[in-house]
Amino acid sequence: MSLTDRTAAELLADLNARRVSSAEVTQAFIEQIEQHDGQVKAFLRYDAAAALKRAKEIDQRRAKGLPIGLLGGLPVAVKDLICTQGELTTCASKMLADFKAPYDAAIIEKLHAADAVFLGRTNMDEFAMGGSNENSAFFPTSNPWNLECIPGGSSGGAAACVAARMACLSIGTDTGGSIRQPAGLCGVTGMKPTYGRVSRYGLVAFASSLDQIGPLARTAEDAALLLEAIAGHDARDSTSVTTPVPPYSKTVREPLKGLKLGLVREHFGPGLDGEVEQAVREAFKVYQSLGAQVKELSMPHAKYGVATYYIIAPCEASSNLARYDGVHYGYRTDVAKMNARLADEAKQLQAAGNKAALADLDNSLVRMYRQSRAEGFGPEVKRRIMLGTYALSAGYYDAYYLKALKVRRLIRQDYDDAFKEVDLIAGPVTSTPAFKIGEKSDDPLAMYLVDLYTVSLNLAGLGGIAFPCGFSSGGLPIGLQLQGPALEEERLLRAAHMFQTVTDWHTRKPPL
Amino acid sequence: MGCTFTRNTNMALIRQDVEKVSLLGRLLLNPEELDRLTTQLGGIVAYIEQLAELDEEIKAKQVQPMAHAVEMTNVFRADEVQPSLDRAQALANAPQHDEQFYLVPAVLGE
Amino acid sequence: MSDPYITIIGLEVHVQLLTASKLFCPCSTKFGAPPNTQTCPVCIGMPGTLPVMNRQAFELGLKTAVALNCQIAPFTKWDRKNYYYPDLPKGYQISQYDLPFSHDGYLEISDPKGRFENKRVGIIRAHLEEDAGKSMHDEAHGKADSRIDLNRTGTPLLEIVSQPDMRSPLEAKAYLTELKLLLTYLGVSDCNMQEGSLRVDANVNLHIPQSDGRLAKTPIVEIKNMNSFRAVERALEYEAQRQYDVWQEDHVEIGKRPKQTRGWDDAANMTRGQREKEESSDYRYFPEPDLVPVTTTPAQIEKVRASLGELPAQLRARLEATYWITAYDSDVIVNQGRPFVAYFVELADAVKDGKTAANWVTQDVLRVMNEKNVPIENFPVRAAALSDLIGRVQAGDFNTSRAREVFVEMLAGKSVAEAVAALGIAKVDEIELIAMAGEILAANPKIVADLKAGKAQAAGNLIGQAKKRNPNVNPGRFREICLELAGKM
């Protein structure tokens with residue numbers, strides 16, 4: 001078995017036992033990238049030399065018997081919206097194509113302290129806005145199971161690189177399902193921790209009250225390891241929780257006795273693909289065979305999740321992205337050309353005698369903002385900025401944003417009620433397996449509805465995990481999602497691991 | 001007066017509104033984009049309107065808005081000075097600067 | 001005849017709080033640093049950064065609000081005010097919108113010269129927010145670019161909004177003066193308008209009594225860009241008259257015209273209209289997701305109240321009552337700050353004469369402090385030494401104008417004794433007086449005879465002679481000695 005087919009846990013054991021070096025492991029993944037990423041396009045960039053240098057440095061320390069961090073020289077791929085000092089952090093946008101952060105994100109510091117080797121930066125939907133990775137300003141990523149299909153998004157690259165065995169561990173972010181959905185579509189394990197479990201300091205913000213950083217890997221055991229390395233309180237993030245981090249990597253293998261799983265009535269509706277439904281119902285049976293009880297329950301506000309999310313997220317995003325104005329960093333339009341064009345416009349209006357329009361014409365500064373942003377942002381980002389700006393504007397705040405915040409509380413209440421009866425909720429991650437690249441590009445609303453099963457968890461601020469539970473007749477992965485109460489990552493990981501001890505969906509390899 | 005929108009009773013977004021929003025959001029849209037966005041945003045807003053179905057329940061239960069996912073309060077830091085970025089670092093990503101200041105097209109008459 | 005109009009004034013004051021670091025990041029707030037040397041990823045608003053609240057800023061704000069008799073909100077939250085400007089790098093300002101941490105307080109103002117009745121100016125609210133940076137436009141040199149300095153971005157500001165309770169530019173100035181005094185006494189801000197740590201915007205309109213008894217109200221105008229309290233006074237005077245002139249021409253009332261913003265042009269002595277685009281006032285406020293709310297308990301509020309110390313208004317009252325000084329004098333003394341008050345109190349206690357002590361500190365001491373730009377802490381004449389000097393005057397060693405000469409010598413570093421000696425005004429002592437009396441009496445047998453005969457006024461001549469010998473002779477004591485000695489001769 002080649003090194004890249006081994007799980008992170010297996011590689012770590014090998015590394016700790018000195019059966020293999022970090023340099024060898026890193027080299028193996030680099031070769032995999034060189035071989036397959038031309039097709040998959042999961043990575044925006046990677047620096048083999050730097051990765052190997054770091055791997056060797058860790059090997060040397062290990063050889064000297066010096067203490068080694070939790071990740072012990074394992075390579076980790078990172079979604080390109082987490083600031084790393086001196087490195088490009090583009091968020092897959094023209095707006096930040098040349099941006100080099102002057103500081104490290106909290107999780108980058110943690111990964112460094114844990115002796116991770118930084119393998120490369122993965123592709124994503126621009127500014128994390130999207131569910132297909134088609135909104136990257138650079139190029140789309142392909143699903144390793146079918147290169148004509150989307151890998152999901154916005155952490156499409158992070159999921160695809162793990163599925164294609166170009167990395168054993170990757171870091172993604174999840175605002176409305178952006179880890180869980182691509183994990184489901186790519187047949188890997190991806191987790192969104194409870195809000196506040198992982199520091200957001202250094203995570204380029206999309207929707208501040210919804211964003212979370214999380215691990216992707218091929219197994220729950222591996223995800224547990226990575227989560228343990230990045231979780232924890234950070235004084236630089238006011239929303240970071242102070243609860244101590246449990247030893248996820250140690251407890252993940254302990255099965256859960258008497259697990260009560262919730263099956264949500266509202267999850268099974270006409271929009272759910274037949275094969276997905278079947279695979280999910282089979283998964284419930286697997287859990288029953290492991291001694292779990294299944295209880296049917298209702299979450300009456302589930303259907304309002306997408307509408308609620310598509311008010312709150314764009315509103316927060318419209319404000320978070322206001323800083324991209326071409327003034328202090330990021331893309332600025334060609335001002336000379338811009339001024340020439342403005343002068344032309346003024347002349348035309350003058351000639352037409354249109355005094356009102358002339359008076360209202362943008363001054364240079366305003367035009368610089370408008371043009372820089374129009375040129376720097378892609379269509380989906382612009383659409384969400386417009387939606388959010390509209391929903392927050394005078395006269396609309398109560399009807400949209402404020403109302404959405406109230407529905408959010410109702411959605412959270414549904415979860416709180418559910419968790420009085422069950423330990424975890426299980427269900428689909430997506431309505432269908434991966435669709436073809438380009439299939440939904442013209443219909444933004446259809447694209448938003450892809451998030452149906454994932455957005456409510458972000459709104460509620462709770463934790464969830466997705467992992468494979470079957471394949472479609474077309475050979476595309478089908479994912480199962482588990483959702484849990486606040487700060488019950490351990491329970492989620494153990495339940496996922498339980499499933500993976502008696503099934504082998506997660507071990508399948510894409511035909512690359 | 002401020003920039004207020006008169007709420008259309010039929011909730012359809014009009015092109016004029018979209019133009020105003022584009023200025024508010026500092027985006028320059030060409031006529032094609034304006035048209036497309038007017039349609040697309042109109043569709044999305046119409047979808048979002050379904051939240052009105054919950055108006056009664058919200059009123060009956062006196063539901064409070066949930067702005068934060070965590071129910072925390074009183075997170076502070078001590079009033080201690082740490083070193084700032086040195087100027088070159090701070091300006092390194094600036095599109096235009098003169099080693100001391102960020103430069104932008106002049107805003108005159110303010 | 002009553003005034004043709006009543007001026008209605010409200011003031012919005014922004015003060016920078018005296019914290020070492022900024023509101024949301026640990027950059028220094030020191031004034032005067034080279035441009036863009038006091039910034040970090042957080043206050044530059046770089047991608048991925050987050051704010052964390054400065055505890056001291058909140059406590060200083062709380063202290064101020066309690067001193068201003070405000071209601072303190074048990075639960076307060078933060079909001080984003082969204083707008084675009086190059087000195088606002090995030091594209092929003094973190095401020096407080098609908099749940100400010102304090103509201104409904106007041107500040108009492110009075111005029112020691114009695115030009116208006118004592119009154120309470122209501123305070124609508126006081127809230128915390130972050131400052132923006134500075135943008136500089138170099139129109140004079142025809143420069144095409146504006147320069148942005150972000151050092152100031154993120155400095156903690158307390159915004160204090162008054163009710164429109166002031167009725168004259170004088171009242172407005174008194175409010176500002178008293179507010180500044182209070183804030184400097186509390187140690188929450190240095191309120192330096194030159195350095196921008198205190199900024200004022202005014203809202204003003206007129207109420208014009210009509211012949212039918214109704215009050216016509218003019219549209220409200222906001223005035224900006226006033227750089228001193230005197231400028232505020234002058235701007236309000238100008239604006240009131242301008243509004244009246246406009247009223248007489250167009251009779252447009254409040255509600256029929258939107259609120260206007262005008263800038264004060266100090267050189268031209270006038271306000272000018274500023275063209276403001278409609279959309280700039282849609283701030284799209286919403287709760288700041290990156291900051292959590294703050295709760296304050298009644299116990300905490302009480303603790304703050306107990307720690308305020310004596311505030312200017314109370315201090316003035318106490319000085320007037322205890323030392324029998326005028327409102328005018330107590331105003332001058334308290335305006336100088338706690339160390340100056342302490343100096344006065346020490347002096348007044350020592351000489352047991354409040355009025356005299358007040359005269360000395362408000363005239364002589366203060367004049368020298370201003371001339372030489374020396375604060376009371378470094379004043380060369382300590383209160384004890386000055387009390388010594390005044391004691392001599394009280395004892396009759398010399399008069400007040402002579403004492404002023406001694407004072408000048410003391411300023412140069414001499415003690416009272418050294419100064420007296422240097423001036424040659426040393427009191428002539430008893431032994432010398434007796435000797436002198438003896439000699440002069442011996443030389444004036446006729447006067448001795450007059451004295452013995454009961455003509456006490458004859459001593460006047462002897463005093464004159466004595467003073468010729470030594471001008472420092474105490475006339476009263478010399479007379480007594482002459483009479484005594486003459487009686488024995």
# chains A, B, ... in the order shown; residues from 1 in each chain; ligands from 1
>>> closest_atom_pairs(of="region 215-329 of chain A", to="region 90-112 of chain C", cutoff="9 Å", atoms="only C-alpha atoms", output="Markdown table")
| residue | atom | partner | partner_atom | distance |
| --- | --- | --- | --- | --- |
| A:Ser319 | CA | C:Tyr92 | CA | 7.2 |
| A:Asn320 | CA | C:Lys90 | CA | 7.6 |
| A:Leu321 | CA | C:Gly91 | CA | 8.1 |
| A:Ala322 | CA | C:Gly91 | CA | 4.9 |
| A:Arg323 | CA | C:Lys90 | CA | 4.4 |
| A:Tyr324 | CA | C:Lys90 | CA | 8.1 |
| A:Asp325 | CA | C:Gly91 | CA | 8.2 |
>>> write_last_selection(atoms="C-alpha atoms", output="compact mmCIF listing (two decimals), in the first residue's frame")
# COMPACT_ATOMS: atom_id res chain seq x y z
CA SER A 319 -20.46 44.47 5.71
CA ASN A 320 -17.44 42.15 6.02
CA LEU A 321 -16.53 42.75 2.39
CA ALA A 322 -16.86 46.53 2.57
CA ARG A 323 -13.17 46.67 3.53
CA TYR A 324 -12.22 45.55 0.01
CA ASP A 325 -12.13 49.00 -1.47
>>> closest_atom_pairs(of="chain C", to="chain A", cutoff="8 Å", atoms="only C-alpha atoms", output="JSON lines")
{"residue": "C:Pro41", "atom": "CA", "partner": "A:Pro102", "partner_atom": "CA", "distance": 7.4}
{"residue": "C:Ile44", "atom": "CA", "partner": "A:His328", "partner_atom": "CA", "distance": 7.7}
{"residue": "C:Gly45", "atom": "CA", "partner": "A:Arg323", "partner_atom": "CA", "distance": 6.9}
{"residue": "C:Met46", "atom": "CA", "partner": "A:Arg323", "partner_atom": "CA", "distance": 7.9}
{"residue": "C:Pro47", "atom": "CA", "partner": "A:Val204", "partner_atom": "CA", "distance": 5.0}
{"residue": "C:Gly48", "atom": "CA", "partner": "A:Val204", "partner_atom": "CA", "distance": 3.8}
{"residue": "C:Thr49", "atom": "CA", "partner": "A:Gly202", "partner_atom": "CA", "distance": 5.7}
{"residue": "C:Leu50", "atom": "CA", "partner": "A:Asp237", "partner_atom": "CA", "distance": 6.1}
{"residue": "C:Pro51", "atom": "CA", "partner": "A:Ser238", "partner_atom": "CA", "distance": 7.2}
{"residue": "C:Val52", "atom": "CA", "partner": "A:Ser238", "partner_atom": "CA", "distance": 5.8}
{"residue": "C:Asn82", "atom": "CA", "partner": "A:Ser319", "partner_atom": "CA", "distance": 6.9}
{"residue": "C:Tyr84", "atom": "CA", "partner": "A:Ala322", "partner_atom": "CA", "distance": 7.6}
{"residue": "C:Pro86", "atom": "CA", "partner": "A:Val327", "partner_atom": "CA", "distance": 6.5}
{"residue": "C:Pro89", "atom": "CA", "partner": "A:Arg323", "partner_atom": "CA", "distance": 5.9}
{"residue": "C:Lys90", "atom": "CA", "partner": "A:Arg323", "partner_atom": "CA", "distance": 4.4}
{"residue": "C:Gly91", "atom": "CA", "partner": "A:Ala322", "partner_atom": "CA", "distance": 4.9}
{"residue": "C:Tyr92", "atom": "CA", "partner": "A:Ser319", "partner_atom": "CA", "distance": 7.2}
{"residue": "C:Asp282", "atom": "CA", "partner": "A:Ala394", "partner_atom": "CA", "distance": 6.2}
{"residue": "C:Tyr283", "atom": "CA", "partner": "A:Ser393", "partner_atom": "CA", "distance": 7.7}
{"residue": "C:Arg284", "atom": "CA", "partner": "A:Ser393", "partner_atom": "CA", "distance": 5.2}
{"residue": "C:Tyr285", "atom": "CA", "partner": "A:Leu392", "partner_atom": "CA", "distance": 7.4}
{"residue": "C:Phe286", "atom": "CA", "partner": "A:Leu392", "partner_atom": "CA", "distance": 7.6}
{"residue": "C:Pro289", "atom": "CA", "partner": "A:Ser209", "partner_atom": "CA", "distance": 5.5}
{"residue": "C:Asp290", "atom": "CA", "partner": "A:Ser208", "partner_atom": "CA", "distance": 6.5}
{"residue": "C:Leu291", "atom": "CA", "partner": "A:Ser238", "partner_atom": "CA", "distance": 5.9}
{"residue": "C:Val292", "atom": "CA", "partner": "A:Ser238", "partner_atom": "CA", "distance": 6.9}
>>> write_last_selection(atoms="N, CA and C atoms", output="short mmCIF file (atom, residue, chain, number, x, y, z; two decimals), in the first residue's frame")
data_model
loop_
_atom_site.label_atom_id
_atom_site.label_comp_id
_atom_site.auth_asym_id
_atom_site.auth_seq_id
_atom_site.Cartn_x
_atom_site.Cartn_y
_atom_site.Cartn_z
N PRO C 41 -2.71 44.67 12.03
CA PRO C 41 -3.72 44.11 11.15
C PRO C 41 -5.16 44.40 11.61
N ILE C 44 -6.02 48.18 10.97
CA ILE C 44 -5.98 48.44 9.53
C ILE C 44 -7.18 47.75 8.87
N GLY C 45 -7.83 46.86 9.60
CA GLY C 45 -9.00 46.18 9.04
C GLY C 45 -8.60 45.14 8.02
N MET C 46 -7.46 44.51 8.26
CA MET C 46 -7.01 43.50 7.30
C MET C 46 -7.93 42.29 7.34
N PRO C 47 -7.95 41.52 6.25
CA PRO C 47 -8.83 40.35 6.22
C PRO C 47 -8.53 39.44 7.40
N GLY C 48 -9.57 38.88 7.98
CA GLY C 48 -9.39 37.88 9.03
C GLY C 48 -9.21 38.41 10.43
N THR C 49 -9.15 39.73 10.60
CA THR C 49 -8.90 40.25 11.95
C THR C 49 -10.21 40.45 12.71
N LEU C 50 -10.09 40.49 14.05
CA LEU C 50 -11.25 40.57 14.92
C LEU C 50 -11.01 41.57 16.04
N PRO C 51 -12.07 42.23 16.53
CA PRO C 51 -11.92 43.20 17.62
C PRO C 51 -12.06 42.53 18.99
N VAL C 52 -11.30 43.01 19.99
CA VAL C 52 -11.49 42.57 21.37
C VAL C 52 -11.53 43.83 22.23
N ASN C 82 -22.25 51.27 8.96
CA ASN C 82 -21.58 51.01 7.69
C ASN C 82 -21.54 52.22 6.77
N TYR C 84 -18.59 54.21 3.64
CA TYR C 84 -17.29 54.11 2.97
C TYR C 84 -16.53 55.43 3.05
N PRO C 86 -12.04 56.63 3.07
CA PRO C 86 -10.68 56.08 3.15
C PRO C 86 -10.10 56.00 4.56
N PRO C 89 -11.03 52.01 7.50
CA PRO C 89 -10.56 50.88 6.71
C PRO C 89 -11.49 49.67 6.67
N LYS C 90 -12.27 49.41 7.69
CA LYS C 90 -13.14 48.23 7.62
C LYS C 90 -14.38 48.51 6.76
N GLY C 91 -14.65 49.80 6.49
CA GLY C 91 -15.88 50.13 5.78
C GLY C 91 -17.05 50.17 6.74
N TYR C 92 -16.76 50.03 8.03
CA TYR C 92 -17.78 50.24 9.06
C TYR C 92 -17.08 50.66 10.34
N ASP C 282 -27.54 56.43 5.09
CA ASP C 282 -28.10 55.10 5.35
C ASP C 282 -26.98 54.21 5.86
N TYR C 283 -26.85 54.14 7.18
CA TYR C 283 -25.73 53.43 7.77
C TYR C 283 -25.97 51.94 7.95
N ARG C 284 -27.13 51.46 7.65
CA ARG C 284 -27.42 50.01 7.71
C ARG C 284 -26.91 49.39 9.01
N TYR C 285 -27.26 49.99 10.12
CA TYR C 285 -26.84 49.47 11.43
C TYR C 285 -27.31 48.04 11.63
N PHE C 286 -26.43 47.19 12.17
CA PHE C 286 -26.87 45.87 12.62
C PHE C 286 -25.92 45.42 13.73
N PRO C 289 -21.43 41.15 15.04
CA PRO C 289 -21.35 39.73 15.37
C PRO C 289 -20.04 39.33 16.04
N ASP C 290 -18.98 40.14 15.87
CA ASP C 290 -17.68 39.76 16.41
C ASP C 290 -17.48 40.16 17.86
N LEU C 291 -18.42 40.91 18.43
CA LEU C 291 -18.29 41.31 19.83
C LEU C 291 -19.51 40.83 20.60
N VAL C 292 -19.30 40.43 21.86
CA VAL C 292 -20.43 39.97 22.68
C VAL C 292 -20.90 41.13 23.55
#
>>> select_by_dssp(residues="chain B", states="strand (DSSP E)", output="PDB file with C-alpha atoms, in the first residue's frame")
ATOM      1  CA  PHE B  76     -12.460  42.064  27.533  1.00  0.00           C
ATOM      2  CA  ARG B  77      -8.730  42.524  27.194  1.00  0.00           C
ATOM      3  CA  TYR B 102      -1.794  55.518   1.865  1.00  0.00           C
ATOM      4  CA  LEU B 103      -2.731  57.520  -1.228  1.00  0.00           C
ATOM      5  CA  VAL B 104      -6.209  57.798  -2.730  1.00  0.00           C
ATOM      6  CA  PRO B 105      -7.753  60.096  -5.372  1.00  0.00           C
TER       7      PRO B 105
END
>>> closest_residue(among="A:Asn458, A:Gln413, A:Asn354, A:Thr308", to="Ile44 (chain B)", atoms="only C-alpha atoms")
A:Thr308
>>> interface_residues(of="chain C", to="chain B", cutoff="7 Å", atoms="only C-alpha atoms", output="tab-separated table (two decimals) with N, CA and C atoms, in the first residue's frame")
chain	number	residue	atom	x	y	z
C	19	THR	N	-6.79	55.86	27.39
C	19	THR	CA	-6.29	54.51	27.56
C	19	THR	C	-4.92	54.45	26.91
C	20	ALA	N	-4.11	53.46	27.32
C	20	ALA	CA	-2.79	53.33	26.72
C	20	ALA	C	-2.91	52.74	25.31
C	21	SER	N	-3.85	51.78	25.18
C	21	SER	CA	-3.99	51.10	23.89
C	21	SER	C	-5.36	51.40	23.29
C	26	PRO	N	-4.14	46.20	20.59
C	26	PRO	CA	-3.16	46.72	21.55
C	26	PRO	C	-2.19	47.77	21.00
C	27	CYS	N	-2.53	48.42	19.89
C	27	CYS	CA	-1.66	49.50	19.42
C	27	CYS	C	-1.71	50.68	20.38
C	28	SER	N	-0.62	51.44	20.45
C	28	SER	CA	-0.57	52.61	21.31
C	28	SER	C	-1.48	53.72	20.78
C	35	PRO	N	3.30	59.10	10.80
C	35	PRO	CA	2.14	58.46	10.17
C	35	PRO	C	2.30	56.96	10.00
C	36	ASN	N	1.21	56.25	10.25
C	36	ASN	CA	1.12	54.81	10.00
C	36	ASN	C	2.18	53.98	10.72
C	37	THR	N	2.59	54.45	11.92
C	37	THR	CA	3.52	53.68	12.73
C	37	THR	C	2.83	53.08	13.96
C	38	GLN	N	1.56	53.36	14.13
C	38	GLN	CA	0.83	52.81	15.28
C	38	GLN	C	-0.40	52.05	14.77
C	39	THR	N	-0.16	51.10	13.90
C	39	THR	CA	-1.26	50.31	13.35
C	39	THR	C	-0.89	48.83	13.35
C	40	CYS	N	-1.90	47.99	13.28
C	40	CYS	CA	-1.70	46.55	13.24
C	40	CYS	C	-2.78	45.97	12.33
C	52	VAL	N	-11.30	43.01	19.99
C	52	VAL	CA	-11.49	42.57	21.37
C	52	VAL	C	-11.53	43.83	22.23
C	53	MET	N	-12.56	43.97	23.04
C	53	MET	CA	-12.84	45.21	23.79
C	53	MET	C	-11.83	45.50	24.88
C	54	ASN	N	-11.38	46.75	24.95
C	54	ASN	CA	-10.46	47.23	25.97
C	54	ASN	C	-11.24	47.51	27.26
C	55	ARG	N	-10.95	46.77	28.30
C	55	ARG	CA	-11.69	46.88	29.56
C	55	ARG	C	-11.61	48.30	30.14
C	56	GLN	N	-10.43	48.87	30.09
C	56	GLN	CA	-10.23	50.20	30.67
C	56	GLN	C	-11.10	51.24	29.95
C	137	HIS	N	-5.89	66.50	2.74
C	137	HIS	CA	-6.03	66.94	1.35
C	137	HIS	C	-5.13	68.13	1.12
C	144	ALA	N	-3.05	65.63	-6.61
C	144	ALA	CA	-4.18	64.83	-7.07
C	144	ALA	C	-4.59	63.78	-6.05
C	145	ASP	N	-3.75	63.53	-5.07
C	145	ASP	CA	-4.06	62.46	-4.12
C	145	ASP	C	-4.24	62.97	-2.70
C	146	SER	N	-5.11	62.30	-1.97
C	146	SER	CA	-5.23	62.55	-0.54
C	146	SER	C	-4.38	61.53	0.20
C	147	ARG	N	-3.88	61.94	1.35
C	147	ARG	CA	-3.01	61.06	2.12
C	147	ARG	C	-3.73	60.56	3.36
C	148	ILE	N	-3.62	59.27	3.60
C	148	ILE	CA	-4.34	58.65	4.71
C	148	ILE	C	-3.37	58.14	5.78
C	149	ASP	N	-3.64	58.53	7.02
C	149	ASP	CA	-2.85	58.06	8.16
C	149	ASP	C	-3.79	57.32	9.09
C	258	PRO	N	-34.88	69.12	4.74
C	258	PRO	CA	-34.08	68.14	5.49
C	258	PRO	C	-33.02	68.82	6.35
C	278	GLU	N	-27.53	62.00	-0.52
C	278	GLU	CA	-28.60	61.31	0.21
C	278	GLU	C	-28.18	60.01	0.84
C	279	GLU	N	-27.51	59.18	0.02
C	279	GLU	CA	-27.29	57.81	0.47
C	279	GLU	C	-26.29	57.72	1.61
C	281	SER	N	-26.35	58.81	4.45
C	281	SER	CA	-26.87	58.69	5.80
C	281	SER	C	-27.57	57.36	6.05
C	282	ASP	N	-27.54	56.43	5.09
C	282	ASP	CA	-28.10	55.10	5.35
C	282	ASP	C	-26.98	54.21	5.86
C	287	PRO	N	-26.34	44.45	14.58
C	287	PRO	CA	-25.51	44.08	15.73
C	287	PRO	C	-24.16	43.53	15.29
C	289	PRO	N	-21.43	41.15	15.04
C	289	PRO	CA	-21.35	39.73	15.37
C	289	PRO	C	-20.04	39.33	16.04
C	292	VAL	N	-19.30	40.43	21.86
C	292	VAL	CA	-20.43	39.97	22.68
C	292	VAL	C	-20.90	41.13	23.55
C	293	PRO	N	-22.17	41.06	24.00
C	293	PRO	CA	-22.71	42.16	24.80
C	293	PRO	C	-22.01	42.29	26.15
C	294	VAL	N	-22.25	43.43	26.80
C	294	VAL	CA	-21.66	43.68	28.11
C	294	VAL	C	-22.78	43.91	29.12
C	295	THR	N	-22.67	43.25	30.28
C	295	THR	CA	-23.66	43.46	31.34
C	295	THR	C	-23.03	44.24	32.48
>>> residues_around(residues="Gln481 (chain A)", least_positions_apart="4", cutoff="8 Å", atoms="only C-alpha atoms", output="ChimeraX atom specification")
/A:180,426-429,464-467
>>> write_last_selection(atoms="N, CA and C atoms", output="mmCIF file, in the first residue's frame")
data_model
loop_
_atom_site.group_PDB
_atom_site.id
_atom_site.type_symbol
_atom_site.label_atom_id
_atom_site.label_comp_id
_atom_site.auth_asym_id
_atom_site.auth_seq_id
_atom_site.Cartn_x
_atom_site.Cartn_y
_atom_site.Cartn_z
ATOM 1 N N ARG A 180 -19.131 20.278 5.169
ATOM 2 C CA ARG A 180 -19.934 19.049 5.167
ATOM 3 C C ARG A 180 -20.417 18.680 3.769
ATOM 4 N N ALA A 426 -29.407 12.363 12.631
ATOM 5 C CA ALA A 426 -28.750 11.859 11.432
ATOM 6 C C ALA A 426 -29.624 12.170 10.230
ATOM 7 N N GLY A 427 -28.985 12.316 9.073
ATOM 8 C CA GLY A 427 -29.770 12.609 7.876
ATOM 9 C C GLY A 427 -28.881 12.881 6.677
ATOM 10 N N PRO A 428 -29.513 13.272 5.580
ATOM 11 C CA PRO A 428 -28.726 13.540 4.376
ATOM 12 C C PRO A 428 -27.875 14.803 4.528
ATOM 13 N N VAL A 429 -26.824 14.889 3.693
ATOM 14 C CA VAL A 429 -26.032 16.124 3.626
ATOM 15 C C VAL A 429 -26.543 16.973 2.458
ATOM 16 N N GLY A 464 -21.452 19.549 13.590
ATOM 17 C CA GLY A 464 -21.910 18.443 12.747
ATOM 18 C C GLY A 464 -20.767 17.827 11.970
ATOM 19 N N ILE A 465 -21.009 16.626 11.474
ATOM 20 C CA ILE A 465 -19.973 15.919 10.726
ATOM 21 C C ILE A 465 -20.627 15.184 9.567
ATOM 22 N N ALA A 466 -19.925 15.113 8.442
ATOM 23 C CA ALA A 466 -20.431 14.379 7.274
ATOM 24 C C ALA A 466 -19.407 13.333 6.881
ATOM 25 N N PHE A 467 -19.880 12.171 6.445
ATOM 26 C CA PHE A 467 -18.980 11.113 6.000
ATOM 27 C C PHE A 467 -19.752 10.217 5.045
#
>>> atom_distance(atom1="CA of Pro75 (chain A)", atom2="CA of Gly38 (chain A)")
19.7 Å
>>> closest_residue(among="A:Val241, A:Ala220, A:Leu74, A:Met498", to="chain B", atoms="only C-alpha atoms")
A:Val241
>>> select_by_dssp(residues="region 73-260 of chain C", states="helix (DSSP H, G or I)", output="number ranges by chain")
C: 139-141, 169-186, 229-250
>>> closest_residue(among="A:Asp98, A:Glu490, A:Glu296, A:Glu254", to="chain B", atoms="only C-alpha atoms")
A:Asp98
>>> atom_distance(atom1="CA of Ala466 (chain C)", atom2="CA of Ala417 (chain C)")
22.7 Å
>>> residues_around(residues="Leu11 (chain C)", least_positions_apart="2", cutoff="6 Å", atoms="only C-alpha atoms", output="PDB file with N, CA and C atoms, in the first residue's frame")
ATOM      1  N   SER C 162     -26.091  65.800  23.993  1.00  0.00           N
ATOM      2  CA  SER C 162     -26.932  66.541  24.936  1.00  0.00           C
ATOM      3  C   SER C 162     -28.340  66.701  24.381  1.00  0.00           C
ATOM      4  N   ASP C 201     -19.725  68.956  17.687  1.00  0.00           N
ATOM      5  CA  ASP C 201     -20.652  69.313  16.613  1.00  0.00           C
ATOM      6  C   ASP C 201     -21.874  69.911  17.298  1.00  0.00           C
ATOM      7  N   ALA C 202     -22.483  70.896  16.650  1.00  0.00           N
ATOM      8  CA  ALA C 202     -23.647  71.540  17.262  1.00  0.00           C
ATOM      9  C   ALA C 202     -24.875  71.363  16.387  1.00  0.00           C
TER      10      ALA C 202
END
>>> atom_distance(atom1="CA of Arg370 (chain A)", atom2="CA of Ala307 (chain A)")
28.1 Å
>>> closest_residue(among="C:Ala442, C:Val374, C:Leu60, C:Ala426", to="Pro471 (chain C)", atoms="only C-alpha atoms")
C:Ala426
>>> closest_residue(among="C:His127, C:Phe398, C:Val406, C:Asn474", to="Lys77 (chain C)", atoms="only C-alpha atoms")
C:His127
>>> residues_around(residues="region 179-194 of chain C", least_positions_apart="4", cutoff="6 Å", atoms="only C-alpha atoms", output="list in words")
Leu17, Leu18, Leu60, Tyr175 and Leu198 of chain C
>>> residues_around(residues="region 27-36 of chain A", least_positions_apart="2", cutoff="7 Å", atoms="only C-alpha atoms", output="list in words")
Leu3, Thr4, Ala23, Glu24, Val25, Gly38, Gln39, Val40, Ala48, Met166 and Ala167 of chain A
>>> closest_residue(among="A:Val381, A:Ala317, A:Val280, A:Leu70", to="Ala92 (chain A)", atoms="only C-alpha atoms")
A:Val381
>>> residues_around(residues="Gln62 (chain B)", least_positions_apart="3", cutoff="12 Å", atoms="only C-alpha atoms", output="JSON, numbers by chain")
{"A": [403, 406, 407, 409, 410], "B": [54, 55, 56, 57, 58, 59, 65]}
